[in-house]
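Q: One file is attached below, upload.cif, containing mmCIF, C-alpha atoms.
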```
data_input
loop_
_atom_site.label_atom_id
_atom_site.label_comp_id
_atom_site.auth_asym_id
_atom_site.auth_seq_id
_atom_site.Cartn_x
_atom_site.Cartn_y
_atom_site.Cartn_z
CA MET A 25 173.49 169.32 108.92
CA SER A 26 170.37 167.16 108.60
CA ILE A 27 172.25 164.74 106.33
CA THR A 28 174.92 164.20 108.99
CA THR A 29 172.28 163.58 111.69
CA SER A 30 170.51 161.09 109.43
CA ASN A 31 173.78 159.24 108.76
CA LEU A 32 174.59 159.08 112.45
CA SER A 33 171.12 157.75 113.17
CA ASN A 34 171.52 155.03 110.53
CA LYS A 35 174.98 154.24 111.88
CA ASP A 36 173.54 153.86 115.42
CA ARG A 37 170.86 151.56 114.10
CA LEU A 38 173.40 149.40 112.31
CA GLU A 39 175.56 149.16 115.43
CA ARG A 40 172.52 148.13 117.49
CA ILE A 41 171.58 145.43 114.97
CA TRP A 42 175.22 144.24 114.93
CA HIS A 43 175.22 143.88 118.75
CA LEU A 44 171.92 141.97 118.65
CA LEU A 45 173.34 139.59 116.07
CA GLU A 46 176.46 139.09 118.21
CA ASP A 47 174.25 138.31 121.25
CA ALA A 48 172.22 135.82 119.23
CA GLU A 49 175.40 134.15 117.99
CA LYS A 50 176.75 133.98 121.56
CA LEU A 51 173.50 132.34 122.75
CA GLN A 52 173.65 129.81 119.91
CA GLN A 53 177.30 128.98 120.66
CA GLU A 54 176.55 128.50 124.40
CA ARG A 55 173.67 126.19 123.46
CA ILE A 56 175.97 124.14 121.22
CA ASN A 57 178.74 123.98 123.86
CA SER A 58 176.50 123.24 126.89
CA GLY A 59 173.70 121.17 125.35
CA PHE A 60 170.55 121.08 127.48
CA ASP A 61 172.49 122.45 130.45
CA TYR A 62 172.72 125.86 128.77
CA VAL A 63 169.40 126.74 130.43
CA ASN A 64 171.31 126.87 133.75
CA LEU A 65 173.23 129.87 132.39
CA TYR A 66 169.99 131.87 132.05
CA VAL A 67 167.47 130.42 134.52
CA GLU A 68 168.06 130.62 138.25
CA ASP A 69 167.12 127.51 140.29
CA VAL A 70 166.00 125.47 137.28
CA GLU A 71 166.00 122.26 139.37
CA SER A 72 163.39 123.55 141.85
CA ASP A 73 159.77 122.39 142.07
CA TRP A 74 158.43 125.22 139.90
CA LEU A 75 156.75 122.78 137.51
CA GLU A 76 154.93 120.94 140.31
CA ASN A 77 153.64 124.26 141.66
CA TRP A 78 152.70 125.63 138.25
CA GLY A 79 149.33 127.35 138.46
CA GLU A 80 148.82 126.97 142.22
CA ASP A 81 148.75 130.71 142.68
CA PHE A 82 146.32 131.08 139.76
CA THR A 83 143.06 132.66 140.81
CA GLU A 84 140.16 132.49 138.46
CA LEU A 85 138.53 135.80 137.67
CA PRO A 86 135.01 136.12 139.07
CA VAL A 87 131.96 135.87 136.86
CA ARG A 88 130.77 139.46 136.39
CA LEU A 89 127.04 139.17 136.96
CA ARG A 90 126.20 142.84 136.30
CA GLN A 91 127.10 142.27 132.62
CA TRP A 92 124.35 139.67 132.34
CA PHE A 93 121.75 142.45 132.41
CA HIS A 94 123.34 143.65 129.13
CA ASP A 95 123.37 140.16 127.55
CA VAL A 96 127.13 139.76 128.01
CA PHE A 97 127.98 136.26 129.24
CA GLU A 98 131.16 134.26 129.78
CA PRO A 99 131.57 131.46 127.21
CA ASP A 100 130.96 128.57 129.63
CA TRP A 101 127.62 130.02 130.80
CA HIS A 102 124.79 128.81 128.55
CA SER A 103 121.11 129.48 128.10
CA ILE A 104 118.72 127.13 129.91
CA GLU A 105 117.50 125.79 126.56
CA ASP A 106 121.05 124.76 125.60
CA ILE A 107 121.24 122.42 128.61
CA PHE A 108 117.65 121.37 129.29
CA ALA A 109 115.23 120.20 126.61
CA PRO A 110 111.61 121.23 127.33
CA THR A 111 110.53 117.59 127.23
CA GLY A 112 112.24 115.00 129.34
CA THR A 113 112.57 117.13 132.48
CA SER A 114 110.48 116.49 135.55
CA ALA A 115 107.62 118.76 136.62
CA GLU A 116 109.69 119.97 139.62
CA THR A 117 112.60 120.88 137.35
CA GLN A 118 110.31 122.61 134.83
CA ILE A 119 108.73 124.75 137.59
CA ALA A 120 112.17 125.68 138.94
CA LEU A 121 113.38 126.62 135.45
CA GLN A 122 110.44 128.99 134.87
CA THR A 123 111.55 131.46 137.55
CA ALA A 124 111.57 135.01 136.14
CA GLY A 125 114.83 136.91 135.71
CA VAL A 126 118.08 136.81 133.76
CA LYS A 127 119.43 133.28 134.00
CA ARG A 128 122.34 131.24 132.78
CA THR A 129 123.57 127.76 133.49
CA LYS A 130 126.96 126.09 133.66
CA LEU A 131 127.66 122.38 133.57
CA ILE A 132 129.68 121.23 136.57
CA TYR A 133 131.40 117.85 136.58
CA LEU A 134 131.42 116.36 140.05
CA GLU A 135 130.81 112.63 140.61
CA SER A 136 128.13 113.04 137.94
CA PRO A 137 127.36 116.14 135.87
CA VAL A 138 125.05 118.75 137.37
CA ALA A 139 123.89 122.14 136.15
CA LEU A 140 124.39 125.26 138.25
CA ILE A 141 121.71 127.80 137.34
CA VAL A 142 122.06 131.44 138.39
CA THR A 143 118.99 133.69 138.16
CA LEU A 144 119.26 137.45 138.69
CA LYS A 145 116.47 139.92 139.44
CA ASN A 146 117.06 143.63 140.08
CA GLU A 147 115.48 144.66 143.37
CA SER A 148 116.73 148.26 143.19
CA SER A 149 119.55 150.21 141.55
CA THR A 150 122.00 148.80 144.10
CA LYS A 151 120.49 145.44 145.16
CA THR A 152 120.03 142.26 143.16
CA SER A 153 118.23 139.08 144.16
CA ILE A 154 120.15 135.92 143.27
CA LEU A 155 118.63 132.45 143.02
CA LEU A 156 121.12 129.59 142.81
CA GLN A 157 119.81 126.21 141.72
CA VAL A 158 121.56 122.90 141.11
CA HIS A 159 119.83 120.38 138.86
CA GLY A 160 120.86 116.92 137.78
CA THR A 161 121.46 116.50 134.06
CA ASP A 162 122.00 112.78 133.39
CA LEU A 163 120.24 111.39 136.42
CA HIS A 164 116.70 111.95 137.60
CA TYR A 165 117.98 112.86 141.08
CA LEU A 166 120.96 114.82 142.30
CA PRO A 167 123.84 112.91 143.87
CA GLU A 168 122.96 112.22 147.49
CA ASN A 169 124.59 114.62 149.96
CA LEU A 170 125.57 117.08 147.23
CA LEU A 171 126.33 120.26 149.17
CA MET A 172 126.01 123.79 147.81
CA THR A 173 127.57 126.49 149.99
CA VAL A 174 127.69 130.25 149.44
CA LEU A 175 130.72 131.95 151.01
CA SER A 176 131.67 135.58 151.59
CA PRO A 177 135.09 136.81 150.39
CA LEU A 178 136.36 136.17 153.94
CA GLY A 179 135.11 132.56 153.86
CA ASP A 180 132.04 133.09 156.07
CA VAL A 181 129.12 130.80 155.19
CA ARG A 182 126.17 132.82 153.87
CA GLY A 183 123.98 129.79 153.20
CA CYS A 184 124.00 126.12 152.28
CA ALA A 185 121.71 123.45 150.84
CA THR A 186 122.11 119.66 150.77
CA ALA A 187 120.59 117.15 148.36
CA HIS A 188 118.62 114.26 149.85
CA PRO A 189 118.16 110.83 148.21
CA THR A 190 115.15 112.06 146.18
CA SER A 191 116.22 115.66 145.50
CA GLU A 192 115.93 116.81 141.91
CA VAL A 193 116.82 120.42 142.73
CA ILE A 194 118.53 122.27 145.55
CA GLN A 195 118.47 126.04 145.75
CA LEU A 196 119.49 129.10 147.71
CA GLU A 197 118.17 132.64 147.38
CA PHE A 198 119.84 135.77 148.75
CA THR A 199 120.38 139.44 147.97
CA VAL A 200 123.68 141.14 147.13
CA GLU A 201 124.68 144.74 146.59
CA ARG A 202 126.45 146.14 143.56
CA GLY A 203 130.20 145.39 143.74
CA GLU A 204 129.72 142.57 146.26
CA GLU A 205 131.63 139.30 145.76
CA PHE A 206 130.68 135.77 146.78
CA THR A 207 131.76 132.21 146.07
CA VAL A 208 129.62 129.16 145.34
CA GLU A 209 131.12 125.86 146.40
CA LEU A 210 129.66 122.53 145.22
CA THR A 211 130.84 119.34 146.93
CA SER A 212 129.92 115.77 146.09
CA GLY A 213 131.93 112.98 147.70
CA ASN A 214 135.62 113.87 147.36
CA VAL A 215 135.11 116.38 144.53
CA THR A 216 134.72 120.11 145.16
CA MET A 217 134.21 122.90 142.63
CA THR A 218 134.25 126.62 143.41
CA GLN A 219 133.03 129.52 141.30
CA ASN A 220 133.64 133.16 142.20
CA PHE A 221 131.09 135.85 141.36
CA LEU A 222 131.08 139.64 141.36
CA MET A 223 127.82 141.60 141.25
#
```
Could you quickly redo this structure as structure tokens?
A:
Amino acid sequence: MSITTSNLSNKDRLERIWHLLEDAEKLQQERINSGFDYVNLYVEDVESDWLENWGEDFTELPVRLRQWFHDVFEPDWHSIEDIFAPTGTSAETQIALQTAGVKRTKLIYLESPVALIVTLKNESSTKTSILLQVHGTDLHYLPENLLMTVLSPLGDVRGCATAHPTSEVIQLEFTVERGEEFTVELTSGNVTMTQNFLM
């Protein structure tokens, strides 16, 4: 009895493989007969604007700040030392960089490169203080009228800071609760960058 069941099982497998081979042969023959147009047999509305809209509905995952307290960082967030050498930075920048807390920095390419520095300090088990700073990297001063805005998930403005002609640093400080989301928007001229965060 078990031998018969085993043979039937092998027979079923062979039939399945045979059908798959037939399907593959059919696909190959349709490709040969139709040329590049064979895609129309399998893809609906191939002539639409899908390529132009590719990625428009892509939403970047938020930076998970709570992980930073466990030394887990996203790859594009670097230590301060990786971006800023101890010598060669102004006294104002050095003072701003010495703020206590867990901090990481990300290079942002606007009209000129700037560094977004995020510093976290636990205030309680549910509240965290966040200090956002933007520093110039190549230039002594930040681009004039560089605007940093913090937005709620609904788009409400929670705070903003603007660089003046002699600004080396702009910063915002606020408190968030565990699980709270916010967005940082940096705008310089016609270029805008957004970064989503989750505490």
Q: From the list A:Lys127, A:His159, A:Arg40, A:Arg90, which residue is nearest Ala139 (chain A) when using all atoms listed in the file?
A: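 With all atoms listed in the file as the atom set, the closest residue is A:His159.
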Q: Find the residues near Phe97 (chain A): any atom within 10 Å, counting all atoms listed in the file, skip ones fewer than 6 places away on the same chain, and give them as an NGL selection string.
A: :A and (87-91 or 103 or 128)
Q: Can you list, as a ChimeraX atom specification, the residues that the PyMOL selection byres ((chain A and resi 177) around 12) selects here?
A: /A:86,174-176,178-182,203-208,219-222
Q: Taking into account only C-alpha atoms, which residue in the set A:Val158, A:Ala185, A:Tyr165, A:Ser153 is nearest to Phe198 (chain A)?
A: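 Using only C-alpha atoms, the shortest distance to Phe198 (chain A) belongs to A:Ser153.
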Q: Closest to Leu171 (chain A) among A:Thr216, A:Asn57, A:Thr129, A:Thr123, using only C-alpha atoms?
A: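 Of A:Thr216, A:Asn57, A:Thr129, A:Thr123, the one nearest Leu171 (chain A) is A:Thr216, counting only C-alpha atoms.
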Q: If you measure from CA of Phe93 (chain A) to CA of Phe108 (chain A), what distance in Å do you get, rounded to one decimal?
A: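 Going from CA of Phe93 (chain A) over to CA of Phe108 (chain A) covers 21.7 Å.
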Q: Counting all atoms listed in the file, which residue out of A:Val215, A:Met223, A:Leu45, A:Ala187 sits closest to Ser136 (chain A)?
A: A:Val215
Q: What is the CA of Leu144 (chain A)-CA of Glu168 (chain A) distance in Å, reported with one decimal?
A: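 Between these atoms lies a distance of 27.0 Å.
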Q: Counting all atoms listed in the file, which residue out of A:Gly213, A:Gly59, A:Gly125, A:Gly183 sits closest to Pro167 (chain A)?
A: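 Of the candidates, the smallest distance to Pro167 (chain A) is held by A:Gly213.
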Q: Between CA of Val200 (chain A) and CA of Thr152 (chain A), what is the distance, to one decimal in Å?
A: 5.5 Å
Q: Within 8 Å of Leu210 (chain A), counting only C-alpha atoms, which residues show up once you throw out same-chain ones fewer than 3 positions away? Write them as a PyMOL selection string, please.
A: chain A and resi 170-173+216-218
Q: Mind writing the picked residues with C-alpha atoms as a PDB file, keeping the file's coordinate frame?
A:
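After the write, selection07.pdb holds the following:
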```
ATOM      1  CA  LEU A 170     125.570 117.080 147.230  1.00  0.00           C
ATOM      2  CA  LEU A 171     126.330 120.260 149.170  1.00  0.00           C
ATOM      3  CA  MET A 172     126.010 123.790 147.810  1.00  0.00           C
ATOM      4  CA  THR A 173     127.570 126.490 149.990  1.00  0.00           C
ATOM      5  CA  THR A 216     134.720 120.110 145.160  1.00  0.00           C
ATOM      6  CA  MET A 217     134.210 122.900 142.630  1.00  0.00           C
ATOM      7  CA  THR A 218     134.250 126.620 143.410  1.00  0.00           C
TER       8      THR A 218
END
```
Q: I'd like to know which of A:Asn34, A:Thr150, A:Thr143, A:Thr211 is closest to Thr186 (chain A), using all atoms listed in the file.
A: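 Checking each of A:Asn34, A:Thr150, A:Thr143, A:Thr211 against Thr186 (chain A), counting all atoms listed in the file, the winner is A:Thr211.
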Q: Show me, as a list in words, the residues that have an atom within 8 Å of Asp100 (chain A) when counting only C-alpha atoms, minus same-chain residues fewer than 2 positions from it.
A: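 Near Asp100 (chain A), the qualifying residues are Glu98, His102 and Lys130 of chain A.
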Q: Find the residues near Leu166 (chain A): any atom within 8 Å, counting all atoms listed in the file, skip ones fewer than 2 places away on the same chain, and give them as number ranges by chain.
A: A: 138, 159-160, 163-164, 168, 170, 187-193
Q: How would region 32-46 of chain A of the given structure read as a file with all heavy atoms, as a compact mmCIF listing (two decimals), in the first residue's frame?
A:
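Written out: selection.txt:
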```
# COMPACT_ATOMS: atom_id res chain seq x y z
N LEU A 32 2.29 7.07 -6.74
CA LEU A 32 1.34 8.10 -7.15
C LEU A 32 1.90 9.50 -6.86
O LEU A 32 1.76 10.41 -7.64
CB LEU A 32 -0.01 7.91 -6.45
CG LEU A 32 -0.84 6.71 -6.89
CD1 LEU A 32 -2.09 6.59 -6.04
CD2 LEU A 32 -1.20 6.85 -8.35
N SER A 33 2.54 9.64 -5.72
CA SER A 33 3.12 10.91 -5.35
C SER A 33 4.20 11.32 -6.35
O SER A 33 4.27 12.46 -6.78
CB SER A 33 3.70 10.83 -3.93
OG SER A 33 4.34 12.03 -3.61
N ASN A 34 5.05 10.38 -6.73
CA ASN A 34 6.09 10.67 -7.72
C ASN A 34 5.46 10.98 -9.07
O ASN A 34 5.93 11.86 -9.80
CB ASN A 34 7.06 9.50 -7.85
CG ASN A 34 7.98 9.40 -6.65
OD1 ASN A 34 8.21 10.39 -5.96
ND2 ASN A 34 8.50 8.20 -6.40
N LYS A 35 4.40 10.27 -9.41
CA LYS A 35 3.71 10.52 -10.68
C LYS A 35 3.12 11.93 -10.69
O LYS A 35 3.22 12.64 -11.69
CB LYS A 35 2.60 9.48 -10.88
CG LYS A 35 1.88 9.62 -12.19
CD LYS A 35 0.80 8.58 -12.35
CE LYS A 35 0.05 8.81 -13.66
NZ LYS A 35 -1.10 7.95 -13.79
N ASP A 36 2.51 12.35 -9.55
CA ASP A 36 1.96 13.70 -9.46
C ASP A 36 3.04 14.75 -9.62
O ASP A 36 2.85 15.77 -10.27
CB ASP A 36 1.23 13.90 -8.13
CG ASP A 36 -0.07 13.09 -8.04
OD1 ASP A 36 -0.58 12.69 -9.10
OD2 ASP A 36 -0.54 12.87 -6.91
N ARG A 37 4.17 14.50 -9.00
CA ARG A 37 5.29 15.43 -9.11
C ARG A 37 5.77 15.56 -10.55
O ARG A 37 6.03 16.65 -11.04
CB ARG A 37 6.45 14.97 -8.22
CG ARG A 37 6.21 15.19 -6.77
CD ARG A 37 7.45 14.83 -5.97
NE ARG A 37 7.08 14.64 -4.60
CZ ARG A 37 7.61 13.76 -3.78
NH1 ARG A 37 8.57 12.96 -4.18
NH2 ARG A 37 7.21 13.67 -2.53
N LEU A 38 5.88 14.44 -11.23
CA LEU A 38 6.32 14.46 -12.63
C LEU A 38 5.32 15.21 -13.52
O LEU A 38 5.72 15.97 -14.41
CB LEU A 38 6.54 13.03 -13.14
CG LEU A 38 7.81 12.34 -12.64
CD1 LEU A 38 7.84 10.90 -13.09
CD2 LEU A 38 9.05 13.08 -13.14
N GLU A 39 4.04 14.99 -13.27
CA GLU A 39 3.03 15.70 -14.05
C GLU A 39 3.11 17.21 -13.81
O GLU A 39 3.00 18.00 -14.74
CB GLU A 39 1.62 15.18 -13.70
CG GLU A 39 1.30 13.85 -14.31
CD GLU A 39 -0.13 13.40 -14.01
OE1 GLU A 39 -0.98 14.26 -13.72
OE2 GLU A 39 -0.38 12.19 -14.09
N ARG A 40 3.33 17.60 -12.57
CA ARG A 40 3.45 19.03 -12.24
C ARG A 40 4.65 19.64 -12.94
O ARG A 40 4.57 20.72 -13.52
CB ARG A 40 3.56 19.20 -10.72
CG ARG A 40 3.58 20.64 -10.30
CD ARG A 40 3.40 20.76 -8.79
NE ARG A 40 3.30 22.15 -8.43
CZ ARG A 40 4.32 22.88 -7.97
NH1 ARG A 40 5.49 22.34 -7.83
NH2 ARG A 40 4.14 24.14 -7.67
N ILE A 41 5.78 18.94 -12.90
CA ILE A 41 6.99 19.43 -13.58
C ILE A 41 6.74 19.52 -15.08
O ILE A 41 7.13 20.49 -15.73
CB ILE A 41 8.19 18.52 -13.25
CG1 ILE A 41 8.57 18.69 -11.78
CG2 ILE A 41 9.38 18.83 -14.15
CD1 ILE A 41 9.59 17.68 -11.29
N TRP A 42 6.05 18.53 -15.65
CA TRP A 42 5.74 18.53 -17.08
C TRP A 42 4.90 19.76 -17.46
O TRP A 42 5.18 20.43 -18.45
CB TRP A 42 5.02 17.24 -17.45
CG TRP A 42 4.70 17.16 -18.92
CD1 TRP A 42 3.51 17.40 -19.52
CD2 TRP A 42 5.62 16.89 -19.97
NE1 TRP A 42 3.60 17.28 -20.87
CE2 TRP A 42 4.92 16.96 -21.18
CE3 TRP A 42 6.98 16.58 -20.00
CZ2 TRP A 42 5.52 16.73 -22.40
CZ3 TRP A 42 7.57 16.35 -21.23
CH2 TRP A 42 6.85 16.42 -22.41
N HIS A 43 3.89 20.08 -16.62
CA HIS A 43 3.05 21.25 -16.89
C HIS A 43 3.86 22.55 -16.78
O HIS A 43 3.66 23.48 -17.57
CB HIS A 43 1.84 21.30 -15.95
CG HIS A 43 0.82 20.24 -16.23
ND1 HIS A 43 0.15 20.15 -17.42
CD2 HIS A 43 0.36 19.21 -15.45
CE1 HIS A 43 -0.69 19.13 -17.39
NE2 HIS A 43 -0.57 18.53 -16.20
N LEU A 44 4.76 22.63 -15.83
CA LEU A 44 5.60 23.82 -15.70
C LEU A 44 6.50 23.99 -16.91
O LEU A 44 6.68 25.10 -17.41
CB LEU A 44 6.45 23.74 -14.42
CG LEU A 44 5.69 23.89 -13.10
CD1 LEU A 44 6.61 23.59 -11.92
CD2 LEU A 44 5.10 25.27 -12.97
N LEU A 45 7.04 22.88 -17.40
CA LEU A 45 7.88 22.95 -18.61
C LEU A 45 7.06 23.39 -19.82
O LEU A 45 7.52 24.17 -20.66
CB LEU A 45 8.56 21.61 -18.86
CG LEU A 45 9.70 21.26 -17.91
CD1 LEU A 45 10.16 19.82 -18.13
CD2 LEU A 45 10.86 22.22 -18.09
N GLU A 46 5.83 22.87 -19.92
CA GLU A 46 4.95 23.28 -21.02
C GLU A 46 4.66 24.78 -20.95
O GLU A 46 4.67 25.47 -21.97
CB GLU A 46 3.64 22.49 -20.99
CG GLU A 46 3.76 21.06 -21.46
CD GLU A 46 2.45 20.29 -21.36
OE1 GLU A 46 1.59 20.66 -20.51
OE2 GLU A 46 2.28 19.34 -22.13
```
